[in-house]
file coords.cif (mmCIF, C-alpha atoms)
data_protein
loop_
_atom_site.label_atom_id
_atom_site.label_comp_id
_atom_site.auth_asym_id
_atom_site.auth_seq_id
_atom_site.Cartn_x
_atom_site.Cartn_y
_atom_site.Cartn_z
CA MET A 1 -34.59 33.46 -23.69
CA SER A 2 -34.59 35.38 -26.90
CA PRO A 3 -31.91 37.87 -27.89
CA HIS A 4 -33.32 41.20 -28.88
CA SER A 5 -32.55 44.55 -30.41
CA GLU A 6 -32.79 47.94 -28.76
CA SER A 7 -36.41 48.95 -28.25
CA ALA A 8 -37.88 51.69 -30.40
CA THR A 9 -40.41 52.63 -27.74
CA ALA A 10 -43.61 54.32 -28.78
CA ALA A 11 -44.01 55.89 -25.36
CA PRO A 12 -41.69 56.81 -22.53
CA ALA A 13 -40.77 53.85 -20.38
CA VAL A 14 -39.20 54.17 -16.95
CA GLY A 15 -35.73 54.15 -18.46
CA ASP A 16 -36.73 56.89 -20.91
CA VAL A 17 -38.23 58.99 -18.14
CA ALA A 18 -34.99 58.61 -16.23
CA ALA A 19 -33.15 60.13 -19.16
CA THR A 20 -35.39 63.23 -19.39
CA ASP A 21 -36.76 63.88 -15.91
CA SER A 22 -34.92 66.64 -14.11
CA SER A 23 -35.62 65.16 -10.71
CA ASN A 24 -32.93 62.80 -9.41
CA ARG A 25 -35.51 61.32 -7.08
CA SER A 26 -37.72 60.33 -10.01
CA ILE A 27 -34.74 58.91 -11.86
CA TRP A 28 -33.72 56.60 -9.06
CA SER A 29 -37.30 55.77 -8.11
CA GLY A 30 -37.91 54.45 -11.63
CA ARG A 31 -34.68 52.52 -11.95
CA ILE A 32 -34.88 50.99 -8.49
CA THR A 33 -38.50 49.94 -9.04
CA ILE A 34 -37.73 48.22 -12.34
CA LEU A 35 -34.62 46.63 -10.83
CA ILE A 36 -36.68 45.10 -8.01
CA ALA A 37 -39.33 43.95 -10.50
CA ILE A 38 -36.78 42.22 -12.72
CA ILE A 39 -34.93 40.51 -9.86
CA LEU A 40 -38.12 39.23 -8.17
CA SER A 41 -39.50 38.03 -11.51
CA ALA A 42 -36.27 36.19 -12.32
CA PHE A 43 -36.42 34.49 -8.93
CA VAL A 44 -39.90 33.15 -9.77
CA LEU A 45 -39.05 31.67 -13.18
CA ARG A 46 -38.11 28.13 -11.99
CA ILE A 47 -39.93 27.84 -8.65
CA ALA A 48 -42.73 25.63 -9.97
CA VAL A 49 -40.18 23.09 -11.20
CA THR A 50 -37.92 22.42 -8.22
CA SER A 51 -40.57 22.98 -5.54
CA THR A 52 -42.50 20.05 -7.04
CA THR A 53 -40.02 17.33 -8.00
CA PRO A 54 -38.73 16.51 -4.47
CA LEU A 55 -42.35 15.89 -3.39
CA LEU A 56 -43.48 13.69 -6.27
CA ASP A 57 -43.00 10.44 -4.31
CA VAL A 58 -45.18 11.49 -1.40
CA MET A 59 -47.69 13.08 -3.76
CA GLY A 60 -47.82 9.83 -5.73
CA ARG A 61 -48.57 7.83 -2.59
CA ASP A 62 -51.36 10.20 -1.52
CA LEU A 63 -52.89 10.76 -4.94
CA GLY A 64 -52.24 7.29 -6.33
CA PHE A 65 -50.06 7.91 -9.39
CA GLY A 66 -46.89 6.19 -10.58
CA ALA A 67 -43.83 6.79 -12.70
CA THR A 68 -45.70 7.74 -15.88
CA ILE A 69 -47.58 10.59 -14.19
CA THR A 70 -44.32 11.61 -12.53
CA GLY A 71 -42.89 11.84 -16.04
CA ILE A 72 -45.78 14.07 -17.08
CA PHE A 73 -44.99 16.42 -14.20
CA GLY A 74 -41.41 16.50 -15.49
CA MET A 75 -42.59 17.19 -19.04
CA LEU A 76 -44.79 20.16 -18.12
CA PRO A 77 -42.03 22.78 -17.73
CA THR A 78 -40.53 22.41 -21.20
CA ALA A 79 -43.99 22.11 -22.77
CA ALA A 80 -45.18 25.29 -21.07
CA PHE A 81 -41.96 27.16 -21.89
CA ALA A 82 -42.31 26.19 -25.56
CA ILE A 83 -46.04 27.01 -25.91
CA PHE A 84 -46.14 30.23 -23.92
CA GLY A 85 -42.79 31.32 -25.33
CA ILE A 86 -44.39 31.20 -28.78
CA LEU A 87 -47.47 33.14 -27.62
CA ALA A 88 -45.55 35.82 -25.70
CA PRO A 89 -44.38 37.96 -28.68
CA ALA A 90 -47.91 38.53 -29.98
CA MET A 91 -49.12 39.32 -26.46
CA ALA A 92 -46.24 41.76 -25.97
CA ARG A 93 -47.17 43.55 -29.19
CA ARG A 94 -50.70 44.15 -27.93
CA ILE A 95 -50.15 45.13 -24.30
CA GLY A 96 -46.44 45.92 -23.88
CA LEU A 97 -43.62 44.17 -22.07
CA GLU A 98 -44.29 45.64 -18.63
CA ARG A 99 -47.96 44.73 -18.49
CA LEU A 100 -47.22 41.28 -19.83
CA ALA A 101 -44.55 40.74 -17.16
CA MET A 102 -47.10 41.71 -14.50
CA ILE A 103 -49.67 39.29 -15.93
CA ALA A 104 -47.03 36.54 -16.06
CA MET A 105 -46.28 36.97 -12.37
CA LEU A 106 -50.03 36.96 -11.57
CA MET A 107 -50.38 33.69 -13.47
CA SER A 108 -47.44 32.24 -11.58
CA GLY A 109 -48.72 33.29 -8.17
CA ALA A 110 -52.26 32.08 -8.85
CA GLY A 111 -51.10 28.73 -10.22
CA LEU A 112 -48.67 28.15 -7.34
CA LEU A 113 -51.43 28.86 -4.81
CA ALA A 114 -54.19 26.85 -6.48
CA ARG A 115 -52.09 23.73 -7.05
CA GLY A 116 -51.77 23.32 -3.28
CA LEU A 117 -55.50 23.77 -2.67
CA VAL A 118 -56.85 21.14 -5.05
CA GLY A 119 -56.99 17.51 -4.02
CA SER A 120 -56.61 15.64 -7.31
CA THR A 121 -53.80 14.75 -9.67
CA GLY A 122 -55.50 16.48 -12.59
CA GLY A 123 -56.03 19.66 -10.60
CA VAL A 124 -52.39 19.82 -9.52
CA ILE A 125 -51.27 19.32 -13.14
CA ILE A 126 -53.62 22.01 -14.48
CA PHE A 127 -52.65 24.67 -11.97
CA ASN A 128 -48.98 23.76 -12.14
CA LEU A 129 -49.29 24.33 -15.89
CA LEU A 130 -50.84 27.76 -15.21
CA ALA A 131 -47.88 28.70 -13.01
CA LEU A 132 -45.41 27.36 -15.57
CA GLY A 133 -47.19 29.31 -18.32
CA GLY A 134 -46.52 32.53 -16.46
CA MET A 135 -42.90 31.51 -16.06
CA GLY A 136 -42.67 30.65 -19.76
CA ILE A 137 -43.84 34.17 -20.62
CA GLY A 138 -41.33 35.56 -18.13
CA ASN A 139 -38.52 33.66 -19.84
CA VAL A 140 -39.20 35.69 -22.97
CA VAL A 141 -40.05 39.16 -21.66
CA VAL A 142 -37.61 39.64 -18.78
CA PRO A 143 -34.34 39.65 -20.82
CA PRO A 144 -35.45 42.44 -23.20
CA LEU A 145 -36.66 44.40 -20.19
CA VAL A 146 -33.12 44.20 -18.82
CA LYS A 147 -31.77 45.67 -22.03
CA ARG A 148 -34.51 48.28 -22.35
CA TYR A 149 -34.12 49.80 -18.89
CA PHE A 150 -30.43 49.19 -18.24
CA PRO A 151 -28.68 49.61 -21.61
CA ASP A 152 -25.66 50.96 -19.76
CA ARG A 153 -25.53 47.97 -17.37
CA VAL A 154 -26.49 44.99 -19.52
CA GLY A 155 -23.63 42.79 -18.31
CA ALA A 156 -24.13 43.46 -14.62
CA MET A 157 -27.91 43.19 -14.84
CA SER A 158 -27.70 39.95 -16.84
CA THR A 159 -25.48 38.47 -14.12
CA ALA A 160 -27.93 39.63 -11.44
CA TYR A 161 -30.87 38.21 -13.42
CA ILE A 162 -29.22 34.81 -13.93
CA THR A 163 -28.15 34.68 -10.28
CA ALA A 164 -31.70 35.36 -9.09
CA LEU A 165 -33.05 32.72 -11.47
CA GLN A 166 -30.59 30.12 -10.17
CA PHE A 167 -31.39 30.92 -6.54
CA GLY A 168 -35.05 30.47 -7.43
CA THR A 169 -34.09 27.03 -8.71
CA ILE A 170 -31.95 26.00 -5.72
CA LEU A 171 -33.94 27.21 -2.70
CA PRO A 172 -37.25 25.42 -3.43
CA ALA A 173 -35.41 22.12 -3.85
CA LEU A 174 -33.78 22.58 -0.44
CA ILE A 175 -36.90 23.75 1.39
CA ALA A 176 -39.71 21.71 -0.22
CA VAL A 177 -39.31 18.50 1.80
CA PRO A 178 -38.59 20.06 5.24
CA LEU A 179 -41.57 22.37 4.78
CA ALA A 180 -43.79 19.45 3.75
CA ASN A 181 -42.64 17.42 6.78
CA ALA A 182 -43.46 20.32 9.09
CA THR A 183 -46.86 21.00 7.50
CA SER A 184 -48.07 19.06 4.44
CA TRP A 185 -47.04 18.66 0.84
CA GLN A 186 -50.08 20.76 -0.16
CA PHE A 187 -48.87 23.68 1.96
CA SER A 188 -45.34 23.22 0.65
CA LEU A 189 -46.62 23.55 -2.93
CA ALA A 190 -48.86 26.54 -2.22
CA ALA A 191 -46.43 28.52 -0.05
CA TRP A 192 -44.35 29.63 -3.05
CA CYS A 193 -47.26 31.75 -4.28
CA VAL A 194 -45.87 34.45 -1.97
CA ALA A 195 -42.92 34.89 -4.34
CA GLY A 196 -45.17 35.10 -7.39
CA PHE A 197 -47.52 37.67 -5.89
CA ALA A 198 -44.60 39.65 -4.42
CA ALA A 199 -43.18 39.98 -7.95
CA VAL A 200 -46.46 41.58 -9.09
CA VAL A 201 -46.14 44.54 -6.70
CA PRO A 202 -43.17 46.36 -8.30
CA TRP A 203 -44.72 45.91 -11.76
CA ILE A 204 -47.77 47.80 -10.45
CA GLY A 205 -45.34 50.50 -9.35
CA VAL A 206 -43.85 50.58 -12.84
CA GLN A 207 -47.33 51.10 -14.32
CA LEU A 208 -48.02 54.00 -11.93
CA ILE A 209 -44.67 55.64 -12.71
CA GLU A 210 -45.30 55.37 -16.45
CA ARG A 211 -48.81 56.77 -16.09
CA ARG A 212 -47.46 59.83 -14.28
CA ALA A 213 -44.73 60.18 -16.90
CA ASN A 214 -47.25 60.05 -19.74
CA ALA A 215 -49.44 62.65 -18.05
CA ARG A 216 -46.46 64.95 -17.46
CA ILE A 217 -45.26 64.71 -21.06
CA ALA A 218 -48.79 65.20 -22.39
CA LYS A 219 -49.05 68.36 -20.32
CA GLN A 220 -45.68 69.56 -21.61
CA ARG A 221 -46.92 68.99 -25.14
CA ARG A 222 -50.06 70.99 -24.40
CA GLY A 223 -52.42 68.08 -24.28
CA SER A 224 -51.09 66.05 -27.19
CA ILE A 225 -52.00 62.38 -26.98
CA VAL A 226 -49.22 60.06 -25.90
CA GLU A 227 -49.76 56.37 -26.46
CA SER A 228 -49.28 54.63 -23.11
CA VAL A 229 -48.88 51.12 -24.44
CA ASP A 230 -45.35 50.45 -25.57
CA GLU A 231 -45.06 47.83 -28.26
CA ALA A 232 -42.26 45.31 -28.08
CA PRO A 233 -40.41 45.34 -31.40
CA GLU A 234 -37.70 43.20 -29.77
CA LEU A 235 -40.20 40.34 -29.74
CA ALA A 236 -43.15 41.16 -31.93
CA HIS A 237 -41.78 41.43 -35.44
CA ALA A 238 -40.64 38.46 -37.47
CA PRO A 239 -37.02 38.88 -38.53
CA ALA A 240 -36.19 39.18 -42.20
CA GLY A 241 -33.74 36.72 -43.65
CA GLY A 242 -33.37 33.18 -44.81
CA ALA A 243 -34.62 29.85 -43.47
CA VAL A 244 -32.84 28.78 -40.29
CA TRP A 245 -34.23 25.26 -40.59
CA LYS A 246 -32.23 24.77 -43.80
CA THR A 247 -28.88 25.31 -42.03
CA ALA A 248 -26.66 22.86 -40.18
CA LEU A 249 -25.95 25.63 -37.68
CA GLY A 250 -29.65 25.99 -36.84
CA TRP A 251 -30.19 22.26 -36.32
CA GLY A 252 -26.93 21.96 -34.43
CA MET A 253 -27.96 24.71 -32.03
CA ALA A 254 -31.42 23.17 -31.60
CA ALA A 255 -29.94 19.73 -30.87
CA MET A 256 -27.43 21.14 -28.40
CA PHE A 257 -30.01 23.24 -26.56
CA GLY A 258 -32.81 20.67 -26.73
CA MET A 259 -30.85 17.67 -25.52
CA THR A 260 -29.30 19.71 -22.72
CA SER A 261 -32.80 20.73 -21.62
CA LEU A 262 -34.05 17.14 -21.93
CA VAL A 263 -31.34 15.86 -19.60
CA THR A 264 -31.70 18.79 -17.19
CA TYR A 265 -35.45 18.46 -16.67
CA SER A 266 -35.18 14.68 -16.53
CA MET A 267 -32.73 15.06 -13.66
CA PHE A 268 -34.92 17.62 -11.89
CA THR A 269 -37.72 15.04 -12.06
CA TRP A 270 -35.95 11.76 -11.40
CA ILE A 271 -32.94 12.36 -9.12
CA PRO A 272 -35.12 12.10 -5.97
CA LYS A 273 -36.77 8.91 -7.24
CA ILE A 274 -33.51 7.23 -8.27
CA LEU A 275 -31.86 7.97 -4.93
CA GLY A 276 -35.03 7.16 -3.01
CA GLU A 277 -35.19 3.67 -4.51
CA ALA A 278 -31.55 3.22 -3.49
CA GLY A 279 -32.42 4.00 0.14
CA ALA A 280 -32.02 7.78 0.43
CA SER A 281 -34.53 9.97 2.21
CA ALA A 282 -36.77 12.45 0.42
CA GLY A 283 -34.86 15.29 2.08
CA PHE A 284 -31.56 13.98 0.70
CA GLY A 285 -33.11 13.74 -2.76
CA GLY A 286 -34.19 17.39 -2.57
CA THR A 287 -30.70 18.39 -1.44
CA MET A 288 -29.21 16.62 -4.44
CA VAL A 289 -31.57 18.49 -6.77
CA ALA A 290 -30.32 21.69 -5.14
CA LEU A 291 -26.71 20.59 -5.68
CA PHE A 292 -27.47 19.82 -9.31
CA SER A 293 -28.94 23.33 -9.68
CA ALA A 294 -26.05 24.99 -7.85
CA LEU A 295 -23.55 23.67 -10.39
CA GLY A 296 -25.71 25.30 -13.05
CA LEU A 297 -25.30 28.63 -11.25
CA CYS A 298 -21.52 28.31 -11.34
CA ALA A 299 -21.59 27.56 -15.06
CA ALA A 300 -24.00 30.40 -15.82
CA LEU A 301 -21.79 32.93 -14.04
CA GLY A 302 -18.44 31.83 -15.44
CA LEU A 303 -18.82 30.05 -18.75
CA PRO A 304 -20.12 32.82 -21.08
CA SER A 305 -16.98 34.91 -20.56
CA VAL A 306 -14.87 31.87 -21.50
CA VAL A 307 -16.91 30.95 -24.57
CA VAL A 308 -16.66 34.42 -26.11
CA ARG A 309 -12.87 34.13 -26.07
CA MET A 310 -12.79 30.82 -27.96
CA ARG A 311 -12.93 30.47 -31.72
CA ASN A 312 -14.41 26.97 -31.40
CA PRO A 313 -15.63 26.00 -27.91
CA PHE A 314 -16.30 22.33 -28.77
CA PRO A 315 -13.66 21.11 -26.25
CA ILE A 316 -15.94 22.42 -23.49
CA VAL A 317 -18.71 20.20 -24.85
CA LEU A 318 -16.42 17.18 -24.73
CA GLY A 319 -15.70 17.94 -21.07
CA CYS A 320 -19.45 18.08 -20.40
CA VAL A 321 -19.95 14.73 -22.16
CA LEU A 322 -17.24 13.15 -20.00
CA ALA A 323 -18.83 14.54 -16.82
CA TYR A 324 -22.22 13.18 -17.89
CA ALA A 325 -20.77 9.75 -18.72
CA ILE A 326 -19.03 9.31 -15.36
CA GLY A 327 -21.94 10.71 -13.35
CA PHE A 328 -24.62 8.64 -15.08
CA THR A 329 -22.55 5.46 -14.82
CA GLY A 330 -22.06 5.96 -11.11
CA LEU A 331 -25.71 6.85 -10.50
CA LEU A 332 -26.84 3.72 -12.35
CA ILE A 333 -24.37 1.19 -10.91
CA ALA A 334 -23.82 2.50 -7.37
CA PRO A 335 -26.25 5.36 -6.69
CA MET A 336 -25.49 5.52 -2.95
CA GLY A 337 -21.78 4.82 -3.35
CA LEU A 338 -20.72 8.40 -3.99
CA PRO A 339 -24.02 10.17 -4.65
CA VAL A 340 -22.68 13.68 -4.10
CA LEU A 341 -19.91 13.09 -6.65
CA TRP A 342 -22.29 11.54 -9.20
CA VAL A 343 -24.78 14.40 -8.95
CA ALA A 344 -22.03 17.02 -8.99
CA LEU A 345 -20.59 15.58 -12.20
CA ILE A 346 -24.04 15.41 -13.79
CA GLY A 347 -24.57 19.01 -12.68
CA LEU A 348 -21.51 20.08 -14.68
CA GLY A 349 -22.95 18.57 -17.85
CA PRO A 350 -25.63 21.24 -18.46
CA SER A 351 -22.91 23.86 -18.78
CA THR A 352 -23.89 23.60 -22.44
CA PHE A 353 -27.10 25.50 -21.56
CA PRO A 354 -25.56 28.95 -20.85
CA MET A 355 -23.08 28.11 -23.60
CA SER A 356 -25.98 27.70 -26.07
CA LEU A 357 -27.55 30.99 -25.06
CA THR A 358 -24.22 32.78 -25.44
CA MET A 359 -23.58 31.25 -28.86
CA ILE A 360 -26.89 32.49 -30.23
CA ASN A 361 -25.29 35.93 -30.33
CA LEU A 362 -21.81 34.66 -31.22
CA ARG A 363 -23.07 32.86 -34.34
CA THR A 364 -25.12 35.76 -35.72
CA ARG A 365 -24.22 39.17 -37.12
CA THR A 366 -27.51 41.05 -36.72
CA PRO A 367 -30.41 41.36 -34.24
CA ALA A 368 -32.72 39.83 -36.88
CA GLY A 369 -30.43 36.82 -37.25
CA SER A 370 -30.11 36.48 -33.50
CA ALA A 371 -33.89 36.54 -33.06
CA ALA A 372 -34.37 33.96 -35.81
CA LEU A 373 -31.72 31.61 -34.45
CA SER A 374 -33.01 32.02 -30.89
CA GLY A 375 -36.60 31.29 -31.89
CA PHE A 376 -35.65 28.17 -33.84
CA THR A 377 -33.20 26.93 -31.21
CA GLN A 378 -35.57 27.32 -28.28
CA GLY A 379 -38.74 26.35 -30.13
CA VAL A 380 -37.39 23.09 -31.52
CA GLY A 381 -35.21 22.49 -28.47
CA TYR A 382 -37.92 22.77 -25.83
CA ALA A 383 -40.34 20.76 -27.99
CA ALA A 384 -37.80 17.91 -28.18
CA ALA A 385 -37.00 18.21 -24.47
CA CYS A 386 -40.65 17.57 -23.54
CA VAL A 387 -40.36 13.86 -24.23
CA GLY A 388 -37.43 13.22 -21.90
CA PRO A 389 -38.97 13.12 -18.40
CA LEU A 390 -42.08 11.34 -19.71
CA LEU A 391 -40.16 8.68 -21.65
CA LEU A 392 -37.97 7.98 -18.64
CA GLY A 393 -41.11 7.33 -16.60
CA VAL A 394 -42.66 5.10 -19.27
CA LEU A 395 -39.46 3.05 -19.61
CA ARG A 396 -39.15 2.78 -15.82
CA ASP A 397 -42.72 1.47 -15.56
CA ALA A 398 -42.26 -0.91 -18.49
CA THR A 399 -38.96 -2.46 -17.39
CA GLY A 400 -38.97 -2.02 -13.62
CA GLY A 401 -35.38 -0.76 -13.72
CA TRP A 402 -33.24 2.18 -14.72
CA GLY A 403 -31.12 0.57 -17.45
CA LEU A 404 -33.21 1.68 -20.45
CA PRO A 405 -33.95 5.15 -19.03
CA PHE A 406 -30.22 5.75 -18.65
CA ALA A 407 -29.64 4.40 -22.15
CA LEU A 408 -32.08 7.05 -23.40
CA LEU A 409 -30.06 9.71 -21.60
CA GLY A 410 -26.92 8.35 -23.27
CA VAL A 411 -28.55 8.74 -26.68
CA ALA A 412 -29.53 12.31 -25.79
CA ILE A 413 -25.95 13.14 -24.85
CA ALA A 414 -24.69 11.69 -28.14
CA VAL A 415 -27.18 13.79 -30.12
CA MET A 416 -26.18 16.85 -28.10
CA ALA A 417 -22.51 16.28 -28.93
CA VAL A 418 -23.19 15.89 -32.66
CA GLY A 419 -25.30 19.04 -32.66
CA ALA A 420 -22.61 20.93 -30.78
CA TRP A 421 -20.04 19.93 -33.41
CA PHE A 422 -22.02 21.88 -36.02
CA ALA A 423 -23.00 24.70 -33.64
CA CYS A 424 -19.46 25.37 -32.43
CA ARG A 425 -17.87 25.72 -35.85
CA PRO A 426 -16.85 29.37 -36.40
CA THR A 427 -19.49 30.53 -38.85
CA TYR A 428 -22.37 33.03 -38.95
CA LEU A 429 -26.01 32.30 -39.64
CA GLU A 430 -26.32 35.18 -42.08
CA ASP A 431 -23.52 33.72 -44.19
CA VAL A 432 -25.22 30.37 -44.68
CA TRP A 433 -28.99 30.74 -44.32
CA ARG A 434 -29.56 31.93 -47.86
#
call {"tool": "encode", "arguments": {"input": "coords.cif", "output": "C-alpha cells"}}
result
Amino acid sequence: MSPHSESATAAPAVGDVAATDSSNRSIWSGRITILIAIILSAFVLRIAVTSTTPLLDVMGRDLGFGATITGIFGMLPTAAFAIFGILAPAMARRIGLERLAMIAMLMSGAGLLARGLVGSTGGVIIFNLLALGGMGIGNVVVPPLVKRYFPDRVGAMSTAYITALQFGTILPALIAVPLANATSWQFSLAAWCVAGFAAVVPWIGVQLIERRANARIAKQRRGSIVESVDEAPELAHAPAGGAVWKTALGWGMAAMFGMTSLVTYSMFTWIPKILGEAGASAGFGGTMVALFSALGLCAALGLPSVVVRMRNPFPIVLGCVLAYAIGFTGLLIAPMGLPVLWVALIGLGPSTFPMSLTMINLRTRTPAGSAALSGFTQGVGYAAACVGPLLLGVLRDATGGWGLPFALLGVAIAVMAVGAWFACRPTYLEDVWR
C-alpha cells in the first residue's frame, strides 16, 4: 500500500461535491456510498488467498498435484500484488482511481467465480491469478481513496479499512472447509465471487453521483466543459529525488517488508499441510490459518500507535523474532503438541508488516520521499516474497520432510532482523538518498 499526497483533482469527486453541494442529503449520500465502496473493497483484498489454502490438500487429490504446485498457489498472491501494483499507477492516470477500483472488483469477482467452474489445475491457477490481480490493484488504489474522500477522518477510516481487510482474511479460512464439506471444493472457491461483485455495486453508485455532479457544475458554469476523469497524482507521477536503492534505509525496509511477507504467505499456504501430516483435520488447519490471521488484526490495530511513539522500534522486531523462533521450533518438533500456541506465536511474528507500513511515513519527510520509499519497499519486498511458498514446496518434495523448509524460514527471519536494524535507525530518506 503506497503512501500518497493530497489529490489535486481535475474534476469534482464525491468528497469535493460534499464540500460544495448545498443539499445535506447529497452530502451524506456521497460520503456513505464511498464509505460502503471502500469497506467492501477492503474486505475483498485477501479473499482469494485464505479461501484457497485450506482446500489445497483436497484439490491436490482431485486434480493430481503435489507440494510444488501447492507452492505455486502460495506464490501467486505476492507475484500478483507486485505485478499489478506496478501497473496500477499508469492505469489510474488514464481512467481515475474510482473507475480503476470498480474494474479491480470486477476482476476479483470474475476470477473468484471462474476458478470454481474450471476443472483443471491450470484453469484454477489462471483464474485465481485474475482475482489476485484485481486485489493487487485494490491494494494500491484503496488507501489514496480513503485520504481523498475522508481527509478529516483518515485515522478512523484507515482503522476501518484495515479491520475490513483482516476480516476478509479470517472469515474465508474459517468457512472454506465446512462449505466444501457441505457442497464441494469447487463451490467453496466460487462462492466468494458474491463479495467481489457486491463491491462493484457502490462503485457504480459513485460513478453516477459524479456524473450528476459534473452535469450540475457544467450547468452552473453555463455549459463549460468539465473533465469527468480525475487523474491520480497520488500514484501516477514519479517522485523527484535521489536513488532509494543506493541507501541502507531503502534496502533495510525492503528486507524487513519482503521477508515478513515471505513468511506470512508461506504460513497461509503450508499451515494446513503441516498440521494435516501430523494428524489434524482439514477443518482444524483452516481454523489455524484463521487464528494466524486474527493475530495480524490485533497487530494492525494496535502497533502503529506504539511505533510512532518510539525513536527506534527495533526492540519490537526482536520480540517478533523470538515469537517466530519458539513457534517454528514447536511446529517442527511437536506440531500437535500445542498447535494453538505454536500458531499464535507465529501469528505475532508478522507484526513487522503494519510496522513496515507505518515506518514508510516515519522515515520520510515529504510525500515524494514516502512514495519513493513505498514503491521500492513493496516492489522489491513482494518480488522477494514470491519465492517463499514455492521454495518450501520444492524442498518438501525433495527431502520428504520439513527440516529444510523450516531452515529456509529461519534464514528469512534472520534477513528480516538485519534489514530491520537499518530500517529502524532514526534517520530520514531525504537526508541520505543523495
call {"tool": "closest_residue", "arguments": {"input": "coords.cif", "among": "A:Ile38, A:Met253, A:Ile125, A:Val200", "to": "Tyr149 (chain A)", "atoms": "all atoms listed in the file"}}
result
A:Ile38
call {"tool": "atom_distance", "arguments": {"input": "coords.cif", "atom1": "CA of Ala131 (chain A)", "atom2": "CA of Gly109 (chain A)"}}
result
6.7 Å
call {"tool": "residues_around", "arguments": {"input": "coords.cif", "residues": "Pro350 (chain A)", "least_positions_apart": "3", "cutoff": "7 Å", "atoms": "all atoms listed in the file", "output": "PDB file with C-alpha atoms, in the frame of the given file"}}
result
ATOM      1  CA  THR A 260     -29.300  19.710 -22.720  1.00  0.00           C
ATOM      2  CA  THR A 264     -31.700  18.790 -17.190  1.00  0.00           C
ATOM      3  CA  GLY A 296     -25.710  25.300 -13.050  1.00  0.00           C
ATOM      4  CA  GLY A 347     -24.570  19.010 -12.680  1.00  0.00           C
ATOM      5  CA  PHE A 353     -27.100  25.500 -21.560  1.00  0.00           C
TER       6      PHE A 353
END
call {"tool": "resolve_selection", "arguments": {"input": "coords.cif", "expression": "the PyMOL selection byres ((chain A and resi 271) around 12)", "output": "PyMOL selection string"}}
result
chain A and resi 50+53-57+70+74+173+263-270+272-278+280-293+327-328+331-332+335-336+339-340+342-344+346-347+389+392+402+406
call {"tool": "atom_distance", "arguments": {"input": "coords.cif", "atom1": "CA of Ala323 (chain A)", "atom2": "CA of Gly349 (chain A)"}}
result
5.9 Å
call {"tool": "atom_distance", "arguments": {"input": "coords.cif", "atom1": "CA of Leu165 (chain A)", "atom2": "CA of Ile209 (chain A)"}}
result
25.7 Å
call {"tool": "closest_residue", "arguments": {"input": "coords.cif", "among": "A:Thr33, A:Leu390, A:Leu262, A:Val411", "to": "Ile69 (chain A)", "atoms": "all atoms listed in the file"}}
result
A:Leu390
call {"tool": "resolve_selection", "arguments": {"input": "coords.cif", "expression": "the PyMOL selection byres ((chain A and resi 391) around 10)", "output": "list in words"}}
result
Ala67, Thr68, Gly71, Ile72, Met75, Ser266, Cys386, Val387, Gly388, Pro389, Leu390, Leu392, Gly393, Val394, Leu395, Arg396, Asp397, Leu404, Pro405 and Leu408 of chain A
call {"tool": "closest_residue", "arguments": {"input": "coords.cif", "among": "A:Leu113, A:Pro354, A:Tyr324, A:Ile32", "to": "Leu341 (chain A)", "atoms": "only C-alpha atoms"}}
result
A:Tyr324
call {"tool": "resolve_selection", "arguments": {"input": "coords.cif", "expression": "the PyMOL selection byres ((chain A and resi 126) around 12)", "output": "list in words"}}
result
Ile72, Phe73, Leu76, Ala80, Ala110, Gly111, Leu112, Ala114, Arg115, Gly116, Val118, Gly119, Ser120, Thr121, Gly122, Gly123, Val124, Ile125, Phe127, Asn128, Leu129, Leu130, Ala131, Leu132 and Gly133 of chain A
call {"tool": "closest_residue", "arguments": {"input": "coords.cif", "among": "A:Ile360, A:Leu348, A:Leu45, A:Leu63", "to": "Leu297 (chain A)", "atoms": "only C-alpha atoms"}}
result
A:Leu348
call {"tool": "build_atoms", "arguments": {"input": "coords.cif", "residues": "region 333-343 of chain A", "atoms": "N, CA and C atoms", "output": "PDB file, keeping the file's coordinate frame"}}
result
ATOM      1  N   ILE A 333     -24.983   2.405 -11.483  1.00  0.00           N
ATOM      2  CA  ILE A 333     -24.370   1.190 -10.910  1.00  0.00           C
ATOM      3  C   ILE A 333     -24.331   1.249  -9.387  1.00  0.00           C
ATOM      4  N   ALA A 334     -23.961   2.377  -8.827  1.00  0.00           N
ATOM      5  CA  ALA A 334     -23.820   2.500  -7.370  1.00  0.00           C
ATOM      6  C   ALA A 334     -24.357   3.848  -6.915  1.00  0.00           C
ATOM      7  N   PRO A 335     -25.688   4.046  -6.966  1.00  0.00           N
ATOM      8  CA  PRO A 335     -26.250   5.360  -6.690  1.00  0.00           C
ATOM      9  C   PRO A 335     -25.914   5.908  -5.305  1.00  0.00           C
ATOM     10  N   MET A 336     -25.811   5.048  -4.300  1.00  0.00           N
ATOM     11  CA  MET A 336     -25.490   5.520  -2.950  1.00  0.00           C
ATOM     12  C   MET A 336     -24.036   5.299  -2.596  1.00  0.00           C
ATOM     13  N   GLY A 337     -23.217   4.956  -3.595  1.00  0.00           N
ATOM     14  CA  GLY A 337     -21.780   4.820  -3.350  1.00  0.00           C
ATOM     15  C   GLY A 337     -21.140   6.168  -3.103  1.00  0.00           C
ATOM     16  N   LEU A 338     -21.226   7.026  -4.107  1.00  0.00           N
ATOM     17  CA  LEU A 338     -20.720   8.400  -3.990  1.00  0.00           C
ATOM     18  C   LEU A 338     -21.757   9.343  -4.601  1.00  0.00           C
ATOM     19  N   PRO A 339     -22.938   9.423  -4.006  1.00  0.00           N
ATOM     20  CA  PRO A 339     -24.020  10.170  -4.650  1.00  0.00           C
ATOM     21  C   PRO A 339     -23.709  11.642  -4.875  1.00  0.00           C
ATOM     22  N   VAL A 340     -23.006  12.263  -3.936  1.00  0.00           N
ATOM     23  CA  VAL A 340     -22.680  13.680  -4.100  1.00  0.00           C
ATOM     24  C   VAL A 340     -21.775  13.878  -5.315  1.00  0.00           C
ATOM     25  N   LEU A 341     -20.803  12.989  -5.491  1.00  0.00           N
ATOM     26  CA  LEU A 341     -19.910  13.090  -6.650  1.00  0.00           C
ATOM     27  C   LEU A 341     -20.680  12.859  -7.938  1.00  0.00           C
ATOM     28  N   TRP A 342     -21.539  11.832  -7.962  1.00  0.00           N
ATOM     29  CA  TRP A 342     -22.290  11.540  -9.200  1.00  0.00           C
ATOM     30  C   TRP A 342     -23.150  12.739  -9.598  1.00  0.00           C
ATOM     31  N   VAL A 343     -23.877  13.284  -8.633  1.00  0.00           N
ATOM     32  CA  VAL A 343     -24.780  14.400  -8.950  1.00  0.00           C
ATOM     33  C   VAL A 343     -23.979  15.650  -9.320  1.00  0.00           C
TER      34      VAL A 343
END
